[in-house]
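Colleague: Structure incoming, see below.
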Amino acid sequence: MPRKLPLAIAFALVLPLGACGLFESKPSQDDIAKNFLADFAKGDTAAAAQLTDDANASKALLDKVRTALKPTGVTLAATASQPPNGDNATVPFNASWQLGKDRAWTYQGSLAMTQSSGDWKVHWQPEDVHPKLSAQQSLVLQTLLPDPAPVLDRDGAPLLAPTPVISISLDRKQAGDLNAVATALAAALNKFDNTITAQSIVDGATKTPDGQAYNVFNLRDADYQTVKAQIHDLPGVTFPTSNQLVAQNKSLGPQFLSSLKAAVNAQVAGAGGWKVVTEDAAGNVVTELAGKEPTAAQSLTTTIGTADQAAAQAALATVPQAAAIVALQPSTGEVLAVAQNGPADAQGLIALTGQFPPGSTFKIVTGISALEAGKVTVDTPQPCPGKITIDGRVIPNENQFDLGTVPLRTAFAQSCNTTFSQLAADQLTSQQLADTAKQMGIGADFTVPGVTTLTGSVPVPASTLERASDGFGQGKDQVSPFGMALVAGTVVKGSIPTPVLIRGSETKVNTPAQQPVPGPVLDSMRQMMRAVVTDGTARAIKDIPDVAGKTGTAEFGDGTHSHGWFVGYRGDLAFAVLLVGADSSTPAVVAAGNFLRAVK
């Protein structure tokens, strides 16, 4: 028979096999709390919910909180807890939420803990997220936007100012019969914008994500009141109101003011504020937990003169073609007016960025280049035949008028294409012509706060024929009205004015500085530009004192039509007028005259 071992020895032999299981402790309330906080902080709401005594309710609220706050980072750190009180305990924690855009929210909270059969759980209640969050409530992050600051003209009058705007918004899921609602909306709103149709509304609403409303149109309150009865009770349509930057006088250049608004919106928006609040089930704010009030912005003052802008707009009001006027002050570079009519607005802000052949207005550049090179003076006799042929191309004067041989001043005043194409071909190099264009501001590149500009370009002509064509503005040279206003301003100032639109801002010049045109050369050009008005192609406005300028017609396309230009100055006011496809410079001269008679 085998001998029995003593009981103590047998127990000692068995003990190592089961010692870990026999004495292993379960996670403490602190362990469970730390794990819950870590899972919630990293966004694993499913794992966090499993550590509570109500996984479904806790996950639903945890998801709702994270969705509402959209944190960019969360830190939830448990701090030292007190010993349990039977099956209950409390674990304090510090919370830090990063809500984007430098919004930081910190607070202290605590987790209620409960134990069952030795297992600790987070006892679920909304206060586990925040001590002031109660049942049937949720956390909400509100963005607070200040009213934008006004944008003023040079005399302090508002061009753009905060104005109540009603947004006509459509939720297709709430609309029921979407086509019927869209048809009713289009019938009411089409008079404000003829591009609004039932189909455009349906398309826009259909492309809008579920749960979001499609913004059909924005109306000032006065306009909204005229259609309120037609649209107010339409299903799915809401009318949120906000203060937005709005042109105070829509006749002062809608396209320009819209572009200005887009460019300066951020500068006049102020610093946004924010709030974290608790809301009840009906969406009512119960408690404000944290936040920062918005900071109002400072108003911006532009260099635009309301009288100048109004005069320029009025001068174009009856012009049937797309038309634009740009006016600036040569001594300071301040932009005084940027005007366009409706047909031009449909093409964009062509006054500042459109690219067009300059036609005979480019004779300012050709004339200065020849004068600067010492090839001619204002009195040098120049041939002005009805037409000439250069490298196989026939270059005619308008209607082939023939002046014979006349002083350069007269050839300029009467706009002899043959004279200036021959000057460019025979007396100048391709580089000279391109360099003079740069001296006059064509090709200058500026970053002007508040506006986008494009002056134009004059590539170095590759042949004698190209140089001759450029000489009277029918080659590859392209300019904007803004660029030609700079040319006129350079004639006045002697160097390229640096354009400014927002006072107190700095315009960045992105091109190398150019040598100023010598004073005697500018004096000669001023004489010739004055002769255009007193004795030349702009005689229609010779009753206006001290005006000097240059007319131009510029063929485009197949050559059967041309743009009409008039570029010039009066005192410390330089301007450029373009009528697209006018087929003559005369309407541009008339528009310039109407503008100049209306301004001081």
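Just so we're on the same page: first chain in the structure tokens is A, next is B, and so on; residues restart at 1 for each chain, and ligands are numbered from 1 in the order they show up.
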Taking 2 positions as the minimum chain separation for residues in the same chain, which residues sit within 9 Å of A:Ala592 when counting only C-alpha atoms? Answer as a list in words.
Modeller: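 In the requested form, the answer reads Ala312, Ala315, Ile325, Ile541, Phe566, Val567, Phe575, Ala576, Val577, Pro587, Ala588, Val589, Val590, Asn594, Phe595, Leu596 and Arg597 of chain A.
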Colleague: Could you list, as a list of chain:residue names, every residue within 6 Å of stretch 246-250 of chain A, counting only C-alpha atoms and ignoring same-chain residues fewer than 5 positions away?
Modeller: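 Listed by chain and then number, they are A:Leu159, A:Leu160, A:Ala161.
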Colleague: As a list in words, please: the residues near A:Gln125 (cut-off 8 Å, only C-alpha atoms, same-chain neighbours under 6 positions excluded).
Modeller: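 Listed by chain and then number, they are Ser58, Ser134 and Ala135 of chain A.
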Colleague: For the selection you just gave me, I'd like the residues written to a file as a CSV table (one decimal), in the first residue's frame, keeping N, CA and C atoms.
Modeller:
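Saved the output as part.csv:
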chain,number,residue,atom,x,y,z
A,58,SER,N,-25.9,54.8,-22.7
A,58,SER,CA,-24.6,55.6,-22.6
A,58,SER,C,-24.0,55.8,-24.0
A,134,SER,N,-28.2,67.0,-17.7
A,134,SER,CA,-29.2,66.2,-17.0
A,134,SER,C,-29.9,65.3,-18.1
A,135,ALA,N,-30.9,64.5,-17.6
A,135,ALA,CA,-31.6,63.7,-18.4
A,135,ALA,C,-32.4,64.5,-19.5
Colleague: Mind dumping a table of every stretch 249-300 of chain A residue within 8 Å of stretch 141-144 of chain A, with the nearest atom pair and its distance in Å to one decimal, using only C-alpha atoms, sorted by chain and rising number, as JSON lines?
Modeller:
{"residue": "A:Gly272", "atom": "CA", "partner": "A:Leu144", "partner_atom": "CA", "distance": 5.6}
{"residue": "A:Gly273", "atom": "CA", "partner": "A:Leu144", "partner_atom": "CA", "distance": 4.6}
{"residue": "A:Trp274", "atom": "CA", "partner": "A:Thr143", "partner_atom": "CA", "distance": 4.5}
{"residue": "A:Lys275", "atom": "CA", "partner": "A:Gln142", "partner_atom": "CA", "distance": 5.0}
{"residue": "A:Val276", "atom": "CA", "partner": "A:Leu141", "partner_atom": "CA", "distance": 4.6}
{"residue": "A:Val277", "atom": "CA", "partner": "A:Leu141", "partner_atom": "CA", "distance": 6.6}
{"residue": "A:Glu293", "atom": "CA", "partner": "A:Leu144", "partner_atom": "CA", "distance": 7.2}
{"residue": "A:Pro294", "atom": "CA", "partner": "A:Leu144", "partner_atom": "CA", "distance": 6.2}
Colleague: What does the distance from atom CA of A:Ser331 to atom CA of A:Thr498 come to in Å, to one decimal?
Modeller: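 Atom CA of A:Thr498 lies 9.3 Å from atom CA of A:Ser331.
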Colleague: I need the residues of stretch 358-463 of chain A that end up classed as helix (DSSP H, G or I) by DSSP on the backbone, written out as a ChimeraX atom specification.
Modeller: /A:359-372,398-400,408-413,417-427,430-439
Colleague: Can you write just those residues out, N, CA and C atoms, as a short mmCIF file (atom, residue, chain, number, x, y, z; two decimals), in the first residue's frame?
Modeller:
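Done, and the output landed in result.cif:
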data_model
loop_
_atom_site.label_atom_id
_atom_site.label_comp_id
_atom_site.auth_asym_id
_atom_site.auth_seq_id
_atom_site.Cartn_x
_atom_site.Cartn_y
_atom_site.Cartn_z
N GLY A 359 -5.93 98.73 -79.45
CA GLY A 359 -6.11 99.59 -80.61
C GLY A 359 -5.21 100.82 -80.53
N SER A 360 -5.72 101.93 -81.02
CA SER A 360 -4.87 103.12 -81.14
C SER A 360 -4.51 103.78 -79.82
N THR A 361 -5.15 103.35 -78.70
CA THR A 361 -4.69 103.89 -77.41
C THR A 361 -3.25 103.47 -77.14
N PHE A 362 -2.81 102.38 -77.79
CA PHE A 362 -1.43 101.93 -77.60
C PHE A 362 -0.43 102.88 -78.26
N LYS A 363 -0.92 103.81 -79.09
CA LYS A 363 -0.01 104.80 -79.70
C LYS A 363 0.62 105.70 -78.64
N ILE A 364 0.02 105.73 -77.45
CA ILE A 364 0.69 106.42 -76.33
C ILE A 364 2.03 105.76 -76.05
N VAL A 365 2.03 104.43 -76.01
CA VAL A 365 3.26 103.68 -75.74
C VAL A 365 4.23 103.82 -76.91
N THR A 366 3.73 103.64 -78.12
CA THR A 366 4.61 103.75 -79.29
C THR A 366 5.21 105.14 -79.40
N GLY A 367 4.39 106.17 -79.17
CA GLY A 367 4.87 107.54 -79.24
C GLY A 367 5.94 107.82 -78.20
N ILE A 368 5.72 107.38 -76.96
CA ILE A 368 6.72 107.60 -75.91
C ILE A 368 8.00 106.84 -76.22
N SER A 369 7.87 105.64 -76.75
CA SER A 369 9.06 104.86 -77.10
C SER A 369 9.90 105.58 -78.15
N ALA A 370 9.24 106.13 -79.19
CA ALA A 370 9.96 106.84 -80.24
C ALA A 370 10.56 108.15 -79.72
N LEU A 371 9.81 108.86 -78.88
CA LEU A 371 10.31 110.11 -78.29
C LEU A 371 11.49 109.84 -77.37
N GLU A 372 11.38 108.80 -76.57
CA GLU A 372 12.44 108.46 -75.62
C GLU A 372 13.70 108.00 -76.34
N GLU A 398 -8.28 104.50 -90.78
CA GLU A 398 -9.72 104.33 -90.81
C GLU A 398 -10.28 104.98 -92.08
N ASN A 399 -11.00 104.21 -92.84
CA ASN A 399 -11.54 104.68 -94.12
C ASN A 399 -10.42 105.19 -95.06
N GLN A 400 -9.19 104.77 -94.78
CA GLN A 400 -8.01 105.10 -95.60
C GLN A 400 -7.82 106.61 -95.77
N LEU A 408 4.29 115.00 -86.04
CA LEU A 408 3.91 113.83 -85.24
C LEU A 408 2.68 114.14 -84.37
N ARG A 409 2.63 115.37 -83.85
CA ARG A 409 1.49 115.78 -83.02
C ARG A 409 0.17 115.58 -83.77
N THR A 410 0.15 115.98 -85.02
CA THR A 410 -1.07 115.86 -85.82
C THR A 410 -1.38 114.41 -86.14
N ALA A 411 -0.36 113.65 -86.48
CA ALA A 411 -0.56 112.22 -86.78
C ALA A 411 -1.14 111.50 -85.56
N PHE A 412 -0.70 111.90 -84.37
CA PHE A 412 -1.21 111.30 -83.14
C PHE A 412 -2.66 111.74 -82.90
N ALA A 413 -2.92 113.04 -83.05
CA ALA A 413 -4.25 113.58 -82.78
C ALA A 413 -5.30 112.98 -83.74
N ASN A 417 -2.81 105.27 -88.24
CA ASN A 417 -2.26 103.93 -88.09
C ASN A 417 -0.98 103.76 -88.89
N THR A 418 -0.98 104.33 -90.08
CA THR A 418 0.18 104.15 -90.96
C THR A 418 1.42 104.78 -90.36
N THR A 419 1.27 105.94 -89.73
CA THR A 419 2.42 106.62 -89.12
C THR A 419 3.02 105.78 -88.01
N PHE A 420 2.18 105.31 -87.13
CA PHE A 420 2.72 104.64 -85.93
C PHE A 420 3.15 103.21 -86.20
N SER A 421 2.54 102.55 -87.16
CA SER A 421 3.05 101.22 -87.52
C SER A 421 4.42 101.34 -88.17
N GLN A 422 4.61 102.43 -88.96
CA GLN A 422 5.89 102.63 -89.61
C GLN A 422 6.96 103.03 -88.59
N LEU A 423 6.59 103.87 -87.63
CA LEU A 423 7.52 104.23 -86.56
C LEU A 423 8.01 102.98 -85.84
N ALA A 424 7.08 102.12 -85.47
CA ALA A 424 7.44 100.91 -84.74
C ALA A 424 8.31 99.99 -85.58
N ALA A 425 7.98 99.87 -86.89
CA ALA A 425 8.71 98.95 -87.76
C ALA A 425 10.11 99.46 -88.10
N ASP A 426 10.23 100.79 -88.33
CA ASP A 426 11.48 101.32 -88.88
C ASP A 426 12.38 102.00 -87.84
N GLN A 427 11.76 102.56 -86.78
CA GLN A 427 12.53 103.38 -85.85
C GLN A 427 12.79 102.73 -84.50
N SER A 430 12.18 95.69 -81.32
CA SER A 430 11.11 94.98 -80.61
C SER A 430 11.25 95.13 -79.11
N GLN A 431 12.48 95.09 -78.61
CA GLN A 431 12.71 95.20 -77.17
C GLN A 431 12.34 96.58 -76.67
N GLN A 432 12.63 97.62 -77.46
CA GLN A 432 12.28 98.98 -77.05
C GLN A 432 10.78 99.12 -76.83
N LEU A 433 9.99 98.60 -77.75
CA LEU A 433 8.54 98.74 -77.64
C LEU A 433 8.02 97.99 -76.41
N ALA A 434 8.52 96.77 -76.19
CA ALA A 434 8.08 95.99 -75.03
C ALA A 434 8.51 96.64 -73.73
N ASP A 435 9.72 97.19 -73.71
CA ASP A 435 10.22 97.84 -72.49
C ASP A 435 9.43 99.09 -72.15
N THR A 436 9.06 99.86 -73.17
CA THR A 436 8.28 101.07 -72.91
C THR A 436 6.91 100.71 -72.37
N ALA A 437 6.32 99.65 -72.89
CA ALA A 437 5.03 99.20 -72.36
C ALA A 437 5.14 98.91 -70.86
N LYS A 438 6.23 98.28 -70.45
CA LYS A 438 6.43 98.01 -69.02
C LYS A 438 6.61 99.31 -68.24
N GLN A 439 7.32 100.29 -68.84
CA GLN A 439 7.48 101.59 -68.18
C GLN A 439 6.16 102.28 -67.93
#
Colleague: Please compute the atom CA of A:Asn85-atom CA of A:Gln136 distance, one decimal, in Å.
Modeller: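 Atom CA of A:Asn85 sits 28.6 Å away from atom CA of A:Gln136.
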Colleague: Identify which of the residues A:Ala339, A:Val74, A:Met528, A:Cys384 lies closest to A:Asn397, counting only C-alpha atoms when measuring atom-to-atom distances.
Modeller: A:Cys384
Colleague: Which residues come within 12 Å of A:Asn284, counting only C-alpha atoms, excluding same-chain residues fewer than 6 positions away, as a CSV table (one decimal) with N, CA and C atoms, in the first residue's frame?
Modeller:
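Saved the output as result37.csv:
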chain,number,residue,atom,x,y,z
A,136,GLN,N,-32.6,63.9,-20.7
A,136,GLN,CA,-33.3,64.6,-21.8
A,136,GLN,C,-32.6,65.8,-22.3
A,137,GLN,N,-31.3,66.0,-22.0
A,137,GLN,CA,-30.6,67.1,-22.4
A,137,GLN,C,-29.4,66.6,-23.3
A,138,SER,N,-28.8,67.6,-24.0
A,138,SER,CA,-27.6,67.3,-24.8
A,138,SER,C,-26.7,68.5,-24.8
A,139,LEU,N,-25.4,68.3,-25.1
A,139,LEU,CA,-24.5,69.3,-25.3
A,139,LEU,C,-24.5,69.8,-26.7
A,140,VAL,N,-24.3,71.2,-26.9
A,140,VAL,CA,-24.3,71.8,-28.2
A,140,VAL,C,-23.2,72.8,-28.2
A,277,VAL,N,-23.3,74.8,-24.7
A,277,VAL,CA,-24.5,74.9,-23.8
A,277,VAL,C,-25.2,73.6,-23.7
A,278,THR,N,-26.0,73.5,-22.7
A,278,THR,CA,-26.9,72.3,-22.6
A,278,THR,C,-28.3,72.7,-23.2
Colleague: Excluding A:Lys508 and any residue of its chain fewer than 5 positions from it, enumerate the residues within 12 Å of it, using only C-alpha atoms, and give them as JSON, numbers by chain.
Modeller: {"A": [444, 445, 446, 447, 448, 449, 453, 498, 499, 500, 513]}
Colleague: Take the residues from that selection and put them in a file with N, CA and C atoms, as an mmCIF file, in the first residue's frame.
Modeller:
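Resulting contents of selection.cif:
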data_model
loop_
_atom_site.group_PDB
_atom_site.id
_atom_site.type_symbol
_atom_site.label_atom_id
_atom_site.label_comp_id
_atom_site.auth_asym_id
_atom_site.auth_seq_id
_atom_site.Cartn_x
_atom_site.Cartn_y
_atom_site.Cartn_z
ATOM 1 N N ALA A 444 2.589 95.216 -65.503
ATOM 2 C CA ALA A 444 2.859 95.354 -64.075
ATOM 3 C C ALA A 444 1.914 94.429 -63.308
ATOM 4 N N ASP A 445 2.443 93.798 -62.276
ATOM 5 C CA ASP A 445 1.661 92.833 -61.505
ATOM 6 C C ASP A 445 1.572 93.318 -60.067
ATOM 7 N N PHE A 446 0.348 93.499 -59.587
ATOM 8 C CA PHE A 446 0.130 94.008 -58.238
ATOM 9 C C PHE A 446 -0.747 93.040 -57.453
ATOM 10 N N THR A 447 -0.485 92.962 -56.157
ATOM 11 C CA THR A 447 -1.427 92.345 -55.225
ATOM 12 C C THR A 447 -2.072 93.488 -54.459
ATOM 13 N N VAL A 448 -3.290 93.826 -54.876
ATOM 14 C CA VAL A 448 -3.994 94.976 -54.313
ATOM 15 C C VAL A 448 -5.034 94.467 -53.322
ATOM 16 N N PRO A 449 -4.862 94.701 -52.016
ATOM 17 C CA PRO A 449 -5.877 94.236 -51.064
ATOM 18 C C PRO A 449 -7.267 94.728 -51.446
ATOM 19 N N THR A 453 -6.516 92.336 -59.937
ATOM 20 C CA THR A 453 -6.277 93.148 -61.134
ATOM 21 C C THR A 453 -5.359 92.418 -62.101
ATOM 22 N N THR A 498 1.196 103.238 -57.953
ATOM 23 C CA THR A 498 0.916 101.979 -57.270
ATOM 24 C C THR A 498 -0.534 102.002 -56.822
ATOM 25 N N PRO A 499 -1.373 101.139 -57.396
ATOM 26 C CA PRO A 499 -2.812 101.222 -57.109
ATOM 27 C C PRO A 499 -3.146 100.828 -55.674
ATOM 28 N N VAL A 500 -4.111 101.523 -55.101
ATOM 29 C CA VAL A 500 -4.580 101.267 -53.731
ATOM 30 C C VAL A 500 -6.101 101.295 -53.749
ATOM 31 N N ALA A 513 10.913 97.181 -60.524
ATOM 32 C CA ALA A 513 10.674 98.616 -60.718
ATOM 33 C C ALA A 513 11.198 99.040 -62.090
#
Colleague: For the atom pair atom CA of A:Leu178 and atom CA of A:Phe239, what is the interatomic distance in Å to one decimal place?
Modeller: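 About the pair atom CA of A:Leu178 and atom CA of A:Phe239: they are 17.2 Å apart.
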Colleague: What's around A:Thr75 at 12 Å? Count only C-alpha atoms, leave out sequence neighbours fewer than 4 positions away in its own chain, and write the answer as JSON, numbers by chain.
Modeller: {"A": [34, 37, 38, 39, 40, 41, 42, 43, 71, 93, 94, 95, 96, 97, 98, 99, 104, 105, 106, 107, 108]}
Colleague: Hey, what's within 6 Å of A:Thr90 if we count only C-alpha atoms and toss same-chain stuff fewer than 2 positions away? As a list of chain:residue names, please?
Modeller: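 The residues satisfying every condition are A:Leu111, A:Ala112, A:Met113.
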Colleague: Using only C-alpha atoms, which of A:Pro92, A:Gly456, A:Pro320, A:Gly489 sits nearest A:Ala582?
Modeller: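 For A:Ala582, the nearest of the candidates is A:Pro320.
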